[in-house]
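Containing compact mmCIF, C-alpha atoms and all ligand atoms: structure38.txt.
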```
# COMPACT_ATOMS: atom_id res chain seq x y z
CA MET A 13 3.93 -62.70 40.58
CA ASP A 14 3.59 -61.02 37.21
CA LEU A 15 3.96 -57.27 37.51
CA PRO A 16 2.38 -54.99 34.90
CA ALA A 17 5.09 -53.86 32.46
CA LYS A 18 4.04 -50.23 33.07
CA LEU A 19 4.70 -50.62 36.79
CA ILE A 20 8.08 -52.28 36.19
CA ARG A 21 9.12 -49.43 33.89
CA SER A 22 7.97 -46.77 36.36
CA LEU A 23 9.77 -48.38 39.29
CA ARG A 24 12.99 -48.95 37.33
CA ASN A 25 13.04 -45.29 36.27
CA ALA A 26 12.01 -43.94 39.68
CA ARG A 27 14.65 -41.92 41.49
CA ARG A 28 12.71 -40.79 44.54
CA ILE A 29 10.93 -43.64 46.35
CA VAL A 30 9.32 -43.45 49.79
CA ALA A 31 8.20 -46.59 51.64
CA LEU A 32 5.94 -46.25 54.68
CA THR A 33 5.84 -49.37 56.86
CA GLY A 34 3.67 -50.46 59.75
CA ALA A 35 3.46 -53.37 62.16
CA GLY A 36 2.44 -55.74 59.35
CA ILE A 37 5.99 -55.88 57.96
CA SER A 38 7.22 -57.24 61.30
CA ALA A 39 4.38 -59.77 61.64
CA GLU A 40 6.39 -62.47 59.79
CA SER A 41 9.20 -61.88 62.28
CA GLY A 42 6.75 -63.01 64.97
CA LEU A 43 5.85 -59.59 66.40
CA ALA A 44 2.14 -58.92 66.98
CA THR A 45 0.57 -56.04 65.11
CA PHE A 46 -1.49 -53.42 66.93
CA ARG A 47 -4.76 -54.77 65.63
CA ASP A 48 -3.84 -58.34 66.63
CA ALA A 49 -4.61 -59.36 70.19
CA GLN A 50 -1.60 -59.25 72.51
CA THR A 51 -0.29 -62.57 73.76
CA GLY A 52 0.45 -64.17 77.11
CA LEU A 53 0.70 -62.01 80.22
CA TRP A 54 -0.22 -58.88 78.28
CA SER A 55 -3.25 -60.42 76.56
CA LYS A 56 -5.60 -58.73 79.06
CA PHE A 57 -4.35 -55.28 78.02
CA LYS A 58 -4.87 -53.33 74.81
CA PRO A 59 -1.84 -51.32 73.55
CA GLU A 60 -3.89 -48.14 73.64
CA GLU A 61 -4.44 -48.72 77.39
CA LEU A 62 -0.71 -49.01 78.04
CA ALA A 63 0.98 -46.68 75.55
CA THR A 64 -0.19 -43.41 77.14
CA VAL A 65 1.26 -40.78 79.49
CA GLU A 66 -1.68 -41.32 81.85
CA ALA A 67 -1.05 -45.08 82.07
CA PHE A 68 2.64 -44.40 82.77
CA GLU A 69 1.89 -41.82 85.48
CA ARG A 70 -0.63 -44.22 87.04
CA ASN A 71 1.71 -47.20 87.07
CA PRO A 72 5.24 -46.51 85.72
CA LYS A 73 6.50 -49.99 86.64
CA LEU A 74 3.71 -51.78 84.70
CA ILE A 75 4.44 -49.73 81.58
CA TRP A 76 8.21 -50.06 82.00
CA ASP A 77 7.79 -53.87 82.30
CA TRP A 78 5.52 -53.97 79.23
CA TYR A 79 8.17 -52.20 77.14
CA ALA A 80 10.89 -54.44 78.61
CA TRP A 81 8.81 -57.41 77.39
CA ARG A 82 8.36 -55.79 73.94
CA ARG A 83 12.12 -55.07 73.75
CA GLU A 84 12.85 -58.70 74.58
CA GLN A 85 10.39 -59.83 71.89
CA ALA A 86 11.94 -57.47 69.34
CA LEU A 87 15.50 -58.59 70.15
CA LYS A 88 14.49 -62.26 69.83
CA ALA A 89 12.88 -61.53 66.45
CA GLU A 90 14.86 -61.56 63.21
CA PRO A 91 14.38 -59.24 60.24
CA ASN A 92 12.30 -61.11 57.65
CA PRO A 93 12.53 -61.09 53.81
CA GLY A 94 10.27 -58.02 53.71
CA HIS A 95 12.71 -55.96 55.81
CA LEU A 96 15.65 -57.31 53.80
CA ALA A 97 13.98 -56.50 50.47
CA LEU A 98 13.54 -52.85 51.50
CA ALA A 99 17.20 -52.67 52.55
CA LYS A 100 18.03 -53.95 49.03
CA VAL A 101 15.88 -51.26 47.36
CA GLU A 102 17.84 -48.60 49.25
CA THR A 103 21.02 -49.77 47.51
CA ARG A 104 19.35 -49.55 44.09
CA ALA A 105 17.19 -46.41 44.23
CA PRO A 106 19.26 -43.22 44.54
CA GLU A 107 16.83 -41.34 46.74
CA PHE A 108 15.02 -44.02 48.68
CA LEU A 109 13.63 -43.15 52.11
CA LEU A 110 12.09 -45.62 54.55
CA VAL A 111 9.49 -44.06 56.86
CA THR A 112 8.42 -46.46 59.58
CA GLN A 113 5.75 -46.37 62.27
CA ASN A 114 7.43 -49.36 63.90
CA VAL A 115 9.53 -49.01 67.04
CA ASP A 116 11.04 -52.53 66.97
CA GLY A 117 14.34 -51.60 65.28
CA LEU A 118 14.11 -54.45 62.73
CA HIS A 119 14.61 -52.23 59.67
CA SER A 120 18.03 -51.06 60.84
CA ARG A 121 18.97 -54.62 61.79
CA ALA A 122 18.02 -55.63 58.21
CA GLY A 123 20.57 -53.11 56.90
CA SER A 124 18.38 -50.11 56.05
CA LYS A 125 20.24 -46.87 56.67
CA ARG A 126 17.98 -44.06 55.46
CA ILE A 127 15.18 -44.50 58.00
CA VAL A 128 12.73 -42.05 59.57
CA GLU A 129 11.23 -43.45 62.79
CA LEU A 130 7.93 -41.59 63.03
CA HIS A 131 6.94 -43.21 66.34
CA GLY A 132 10.39 -43.52 67.93
CA ASN A 133 12.31 -46.64 68.93
CA LEU A 134 11.72 -48.85 71.98
CA HIS A 135 15.45 -49.57 72.27
CA ARG A 136 16.06 -45.90 73.14
CA PHE A 137 15.09 -44.25 76.46
CA ARG A 138 14.66 -40.83 77.95
CA CYS A 139 14.01 -39.35 81.37
CA PHE A 140 10.25 -38.90 81.90
CA ASP A 141 10.51 -35.66 83.87
CA HIS A 142 13.60 -33.85 82.55
CA ASP A 143 16.07 -33.83 79.71
CA CYS A 144 18.75 -35.73 81.64
CA ALA A 145 21.81 -37.31 80.00
CA SER A 146 21.28 -40.97 79.13
CA SER A 147 24.70 -41.85 80.58
CA ASN A 148 23.04 -41.79 84.02
CA PHE A 149 20.14 -44.14 83.23
CA ASP A 150 19.62 -47.26 85.37
CA LEU A 151 17.88 -49.45 82.77
CA ALA A 152 17.42 -52.38 85.15
CA GLN A 153 15.33 -50.25 87.50
CA GLY A 154 13.97 -47.85 84.88
CA ARG A 155 15.33 -44.94 86.92
CA CYS A 156 17.27 -41.80 86.09
CA ARG A 157 20.25 -41.45 88.45
CA SER A 158 20.62 -37.73 87.63
CA CYS A 159 17.21 -36.67 88.94
CA GLY A 160 15.92 -39.86 90.58
CA GLY A 161 12.89 -39.83 88.26
CA ASN A 162 11.46 -42.55 86.03
CA LEU A 163 12.76 -43.48 82.59
CA ARG A 164 10.41 -43.94 79.64
CA PRO A 165 10.95 -45.55 76.24
CA ASP A 166 11.68 -43.03 73.46
CA VAL A 167 8.44 -43.86 71.64
CA VAL A 168 5.37 -41.79 70.75
CA TRP A 169 2.42 -42.55 73.02
CA PHE A 170 -1.22 -42.14 72.02
CA GLY A 171 -2.14 -38.48 72.11
CA GLU A 172 1.50 -37.32 71.96
CA MET A 173 3.03 -35.26 69.15
CA LEU A 174 5.34 -37.03 66.70
CA PRO A 175 9.01 -35.96 66.69
CA ILE A 176 8.77 -32.83 64.50
CA ASP A 177 12.03 -33.41 62.65
CA ALA A 178 10.98 -36.96 61.71
CA LEU A 179 7.56 -35.81 60.51
CA GLU A 180 9.01 -32.91 58.51
CA ARG A 181 11.54 -35.23 56.85
CA ALA A 182 8.81 -37.73 55.97
CA ASN A 183 6.51 -35.01 54.58
CA ALA A 184 9.28 -33.38 52.55
CA ALA A 185 10.36 -36.66 50.93
CA THR A 186 6.74 -37.70 50.24
CA GLU A 187 5.96 -34.36 48.57
CA LYS A 188 8.82 -34.93 46.10
CA CYS A 189 8.58 -38.66 45.51
CA ASP A 190 7.87 -40.47 42.23
CA VAL A 191 6.69 -43.69 43.93
CA PHE A 192 5.10 -44.19 47.38
CA PHE A 193 4.78 -47.63 48.99
CA SER A 194 2.41 -48.26 51.90
CA ILE A 195 3.40 -51.60 53.44
CA GLY A 196 1.89 -53.51 56.37
CA THR A 197 -0.16 -50.68 57.80
CA SER A 198 -3.89 -50.32 58.39
CA SER A 199 -3.64 -46.70 57.14
CA VAL A 200 -5.93 -45.43 59.90
CA VAL A 201 -3.48 -43.70 62.28
CA TYR A 202 -2.59 -40.08 61.47
CA PRO A 203 -0.45 -38.26 60.50
CA ALA A 204 1.29 -41.31 58.95
CA ALA A 205 -1.97 -42.29 57.20
CA ASP A 206 -1.93 -38.90 55.46
CA LEU A 207 1.36 -39.47 53.66
CA TRP A 208 -0.08 -41.45 50.72
CA ARG A 209 -2.47 -38.53 49.98
CA ARG A 210 0.47 -36.13 49.83
CA ALA A 211 2.20 -38.49 47.41
CA LYS A 212 -0.92 -38.83 45.26
CA GLU A 213 -1.38 -35.03 45.15
CA ARG A 214 2.17 -34.81 43.90
CA GLY A 215 1.32 -37.27 41.11
CA ALA A 216 3.36 -40.15 42.53
CA ILE A 217 2.43 -43.78 41.90
CA VAL A 218 0.92 -45.14 45.13
CA ILE A 219 1.43 -48.87 45.76
CA GLU A 220 -0.02 -50.76 48.72
CA ILE A 221 1.23 -54.12 50.00
CA ASN A 222 -0.95 -55.34 52.86
CA LYS A 223 -2.47 -58.60 54.09
CA ASP A 224 -5.96 -57.13 54.45
CA PRO A 225 -7.84 -54.36 52.64
CA THR A 226 -7.50 -50.87 54.14
CA PRO A 227 -9.07 -47.45 53.36
CA LEU A 228 -6.17 -46.96 50.93
CA THR A 229 -6.82 -50.16 48.96
CA PRO A 230 -9.49 -48.78 46.58
CA LEU A 231 -7.52 -45.57 46.03
CA ALA A 232 -4.02 -46.92 45.43
CA ASP A 233 -2.66 -47.16 41.87
CA TYR A 234 -1.63 -50.74 42.62
CA SER A 235 -2.68 -52.85 45.61
CA PHE A 236 -1.13 -56.23 46.40
CA LEU A 237 -3.10 -58.10 49.07
CA GLY A 238 -0.81 -60.57 50.80
CA LYS A 239 2.22 -60.96 53.01
CA ALA A 240 4.95 -58.35 52.67
CA GLY A 241 7.62 -61.01 53.31
CA GLU A 242 6.44 -62.83 50.18
CA ILE A 243 5.45 -59.98 47.85
CA LEU A 244 8.32 -57.54 48.44
CA PRO A 245 11.18 -59.97 47.60
CA GLN A 246 9.45 -60.95 44.33
CA LEU A 247 8.85 -57.33 43.40
CA VAL A 248 12.42 -56.30 44.20
CA GLN A 249 13.80 -59.31 42.34
CA GLN A 250 11.81 -58.55 39.17
CA ILE A 251 12.56 -54.85 39.15
CA TRP A 252 15.95 -54.27 40.63
CA ILE A 253 17.85 -57.55 40.87
CA SER A 254 17.37 -59.72 37.80
CA PRO A 255 15.09 -57.68 35.60
CA ASN A 256 13.81 -59.93 32.85
CA ARG A 257 13.44 -58.35 29.40
CA LEU A 258 10.45 -56.02 29.35
CA SER A 259 7.60 -57.28 27.21
CA ASN A 260 6.61 -54.42 24.86
P1 LIG B 301 -1.94 -52.20 62.57
O1 LIG B 301 -1.95 -53.37 63.50
O2 LIG B 301 -2.99 -51.13 62.69
O3 LIG B 301 -2.04 -52.73 61.05
C1 LIG B 301 -1.18 -53.72 60.62
C2 LIG B 301 -1.56 -54.02 59.18
O4 LIG B 301 -0.65 -54.98 58.71
C3 LIG B 301 -2.96 -54.61 59.06
O5 LIG B 301 -3.68 -53.87 58.08
C4 LIG B 301 -2.71 -56.06 58.60
O6 LIG B 301 -3.65 -56.45 57.61
C5 LIG B 301 -1.35 -55.94 57.95
N1 LIG B 301 -0.54 -57.16 58.02
C6 LIG B 301 -0.50 -58.10 58.99
N2 LIG B 301 0.41 -59.06 58.68
C7 LIG B 301 0.96 -58.69 57.48
C8 LIG B 301 1.95 -59.24 56.63
N3 LIG B 301 2.58 -60.39 56.94
N4 LIG B 301 2.25 -58.58 55.47
C9 LIG B 301 1.62 -57.42 55.14
N5 LIG B 301 0.67 -56.84 55.91
C10 LIG B 301 0.35 -57.47 57.06
O7 LIG B 301 -0.49 -51.56 62.68
P2 LIG B 301 -0.04 -50.16 62.11
O8 LIG B 301 -0.77 -49.80 60.86
O9 LIG B 301 1.43 -50.17 62.06
O10 LIG B 301 1.00 -46.04 66.83
O11 LIG B 301 -0.49 -49.17 63.27
C11 LIG B 301 -0.16 -47.82 63.11
C12 LIG B 301 0.04 -47.24 64.47
O12 LIG B 301 -1.12 -47.50 65.26
C13 LIG B 301 1.18 -47.83 65.26
O13 LIG B 301 2.43 -47.29 64.92
C14 LIG B 301 0.78 -47.44 66.66
C15 LIG B 301 -0.71 -47.73 66.60
O14 LIG B 301 -1.44 -46.82 67.33
C16 LIG B 301 1.64 -45.66 68.00
O15 LIG B 301 2.05 -46.47 68.78
C17 LIG B 301 1.77 -44.19 68.17
```
Let's see the structure in the file written out as structure tokens.
Ligand code: OAD
Amino acid sequence: MDLPAKLIRSLRNARRIVALTGAGISAESGLATFRDAQTGLWSKFKPEELATVEAFERNPKLIWDWYAWRREQALKAEPNPGHLALAKVETRAPEFLLVTQNVDGLHSRAGSKRIVELHGNLHRFRCFDHDCASSNFDLAQGRCRSCGGNLRPDVVWFGEMLPIDALERANAATEKCDVFFSIGTSSVVYPAADLWRRAKERGAIVIEINKDPTPLTPLADYSFLGKAGEILPQLVQQIWISPNRLSN
């Protein structure tokens, strides 16, 4: 993949880089994206029918079992070269921040440290009704021993507010960044889908890496259509690992 010399120079000189990721970066690890159909037992459900407070209140066990299945899928999955490439960038770019919409935990398993989880993490839990201590959680039953109520995964459900500290951290980094990557996301779910605009208003270079076109594609400074697990390692290799001599 031949990168424009101007892009290579900009990325090599960039200090503040933000990378927003979505379900597409975990697709090559075998995890379905939101816009893909679900598989097996859950194929008759759409995520938006399950990932809501109303669905949980209607049938807490069904939703608890769905997340148990998703946790099992995530634990069986391995970080792919796309996740690993971003962990590598973090070691090269002084102020790199990874902002993910994913709840699968694969970025931290790939070695990324500076991560903002905008939509939470399905390997963490909290009491549905109160703010009980997690030391009293019965994960097998999905019950809180302190209050006897139900447990829920510590993820953002449709219609819920994002964790304010995560969103503020993502916004603050985006408003100062020199380069903004949008990777493996359909760029249609807000407020995450607003981040690239904040970067562009700041004058940052906006780069998209996605398998299919999105609303961002025509507006990005650079758009690479393809698999993140293939494109990211090549890009990181050319820019940060074994930079070949720049052609003038
Ligand atoms: P989507 O399923 O909406 O989009 C995934 C994007 O990844 C699509 O545009 C695909 O083209 C692209 N894609 C698929 N495989 C890829 C690959 N190997 N390499 C690169 N791109 C690939 O998932 P998200 O954009 O993450 O919110 O969805 C955003 C949010 O919508 C989710 O976090 C979730 C959902 O509502 C909540 O759960 C709150």
Of the candidates A:Ala205, A:Cys144, A:Ala67, A:Val191, which shows the shortest atom-to-atom distance to A:Glu107, using only C-alpha atoms?
A:Val191
If you count all atoms listed in the file, which residues end up within 6 Å of ligand LIG 301 (chain B), as a CSV table (one decimal) with C-alpha atoms, in the coordinates of the input?
```csv
chain,number,residue,atom,x,y,z
A,34,GLY,CA,3.7,-50.5,59.8
A,35,ALA,CA,3.5,-53.4,62.2
A,36,GLY,CA,2.4,-55.7,59.4
A,37,ILE,CA,6.0,-55.9,58.0
A,39,ALA,CA,4.4,-59.8,61.6
A,40,GLU,CA,6.4,-62.5,59.8
A,45,THR,CA,0.6,-56.0,65.1
A,46,PHE,CA,-1.5,-53.4,66.9
A,47,ARG,CA,-4.8,-54.8,65.6
A,113,GLN,CA,5.8,-46.4,62.3
A,114,ASN,CA,7.4,-49.4,63.9
A,131,HIS,CA,6.9,-43.2,66.3
A,168,VAL,CA,5.4,-41.8,70.8
A,169,TRP,CA,2.4,-42.6,73.0
A,170,PHE,CA,-1.2,-42.1,72.0
A,196,GLY,CA,1.9,-53.5,56.4
A,197,THR,CA,-0.2,-50.7,57.8
A,198,SER,CA,-3.9,-50.3,58.4
A,199,SER,CA,-3.6,-46.7,57.1
A,201,VAL,CA,-3.5,-43.7,62.3
A,222,ASN,CA,-1.0,-55.3,52.9
A,223,LYS,CA,-2.5,-58.6,54.1
A,224,ASP,CA,-6.0,-57.1,54.4
A,238,GLY,CA,-0.8,-60.6,50.8
A,239,LYS,CA,2.2,-61.0,53.0
A,240,ALA,CA,5.0,-58.4,52.7
```
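Between A:Ala63 and the residues A:Ala44, A:Val167, A:Ala145, A:Ala31, the shortest atom-to-atom distance, using all atoms listed in the file, involves A:Val167.
Each of A:Glu69, A:Glu129, A:Asp190, A:Asp141 was compared to A:Val111 using only C-alpha atoms, and A:Glu129 turns out to be the nearest.
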Which residues, written as a PyMOL selection string, have at least one atom at most 9 Å from stretch 88-96 of chain A, with all atoms listed in the file counted and residues fewer than 4 positions away on the same chain left out?
chain A and resi 37-43+83-84+100-101+118-124+239-245
Take the point (17.7, -48.2, 81.9) as written in the file and pick out every residue within 12 Å of it, counting all atoms listed in the file; give the list as a ChimeraX atom specification.
/A:76-77,79-80,134-140,145-157,161-166
Report as a PyMOL selection string all protein, DNA and RNA residues lying within 9 Å of A:Ala182, evaluated on all atoms listed in the file, omitting residues in the same chain fewer than 4 positions from it.
chain A and resi 30+109-111+128+130+177-178+186-187+204+207
Compile the contact shell of A:Trp252 as JSON, numbers by chain: residues with an atom at most 12 Å away, counting only C-alpha atoms, same-chain residues fewer than 4 positions apart removed.
{"A": [20, 21, 22, 23, 24, 25, 26, 97, 98, 100, 101, 102, 103, 104, 105, 244, 245, 246, 247, 248, 256]}
I need every residue sitting at most 12 Å from the point (-5.5, -47.8, 51.0) (coordinates as in the file, only C-alpha atoms considered), written as a ChimeraX atom specification.
/A:192-200,205-209,212,218-237
Writer output for current selection, C-alpha atoms, as a tab-separated table (two decimals), in the coordinates of the input:
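Done, and the output landed in again_5.tsv:
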```tsv
chain	number	residue	atom	x	y	z
A	192	PHE	CA	5.10	-44.19	47.38
A	193	PHE	CA	4.78	-47.63	48.99
A	194	SER	CA	2.41	-48.26	51.90
A	195	ILE	CA	3.40	-51.60	53.44
A	196	GLY	CA	1.89	-53.51	56.37
A	197	THR	CA	-0.16	-50.68	57.80
A	198	SER	CA	-3.89	-50.32	58.39
A	199	SER	CA	-3.64	-46.70	57.14
A	200	VAL	CA	-5.93	-45.43	59.90
A	205	ALA	CA	-1.97	-42.29	57.20
A	206	ASP	CA	-1.93	-38.90	55.46
A	207	LEU	CA	1.36	-39.47	53.66
A	208	TRP	CA	-0.08	-41.45	50.72
A	209	ARG	CA	-2.47	-38.53	49.98
A	212	LYS	CA	-0.92	-38.83	45.26
A	218	VAL	CA	0.92	-45.14	45.13
A	219	ILE	CA	1.43	-48.87	45.76
A	220	GLU	CA	-0.02	-50.76	48.72
A	221	ILE	CA	1.23	-54.12	50.00
A	222	ASN	CA	-0.95	-55.34	52.86
A	223	LYS	CA	-2.47	-58.60	54.09
A	224	ASP	CA	-5.96	-57.13	54.45
A	225	PRO	CA	-7.84	-54.36	52.64
A	226	THR	CA	-7.50	-50.87	54.14
A	227	PRO	CA	-9.07	-47.45	53.36
A	228	LEU	CA	-6.17	-46.96	50.93
A	229	THR	CA	-6.82	-50.16	48.96
A	230	PRO	CA	-9.49	-48.78	46.58
A	231	LEU	CA	-7.52	-45.57	46.03
A	232	ALA	CA	-4.02	-46.92	45.43
A	233	ASP	CA	-2.66	-47.16	41.87
A	234	TYR	CA	-1.63	-50.74	42.62
A	235	SER	CA	-2.68	-52.85	45.61
A	236	PHE	CA	-1.13	-56.23	46.40
A	237	LEU	CA	-3.10	-58.10	49.07
```
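Residue nearest A:Phe108, chosen from A:Ala184, A:Glu172, A:Arg28, A:Ile75 and counting only C-alpha atoms: A:Arg28.
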As an exercise, work out the distance from atom CA of A:Ile251 to atom CA of A:Ala17 in Å and give it to one decimal place.
10.1 Å
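Relative to atom CA of A:His142, atom CA of A:Val115 is found at 22.1 Å.
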Draw an axis-aligned box tight on the listed atoms of stretch 124-138 of chain A, then pad every side by 3 Å and write out centre and edge lengths in Å to one decimal as JSON.
```
{"center_x": 13.6, "center_y": -45.5, "center_z": 66.7, "size_x": 19.3, "size_y": 15.3, "size_z": 28.5}
```
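Atom pair atom CA of A:Asn133 / atom CA of A:Arg82 has a distance of 11.2 Å (rounded to one decimal).
In this comparison, which uses all atoms listed in the file, the residue of A:Cys189, A:Phe68, A:Glu180, A:Gly160 approaching A:Pro106 most closely is A:Cys189.
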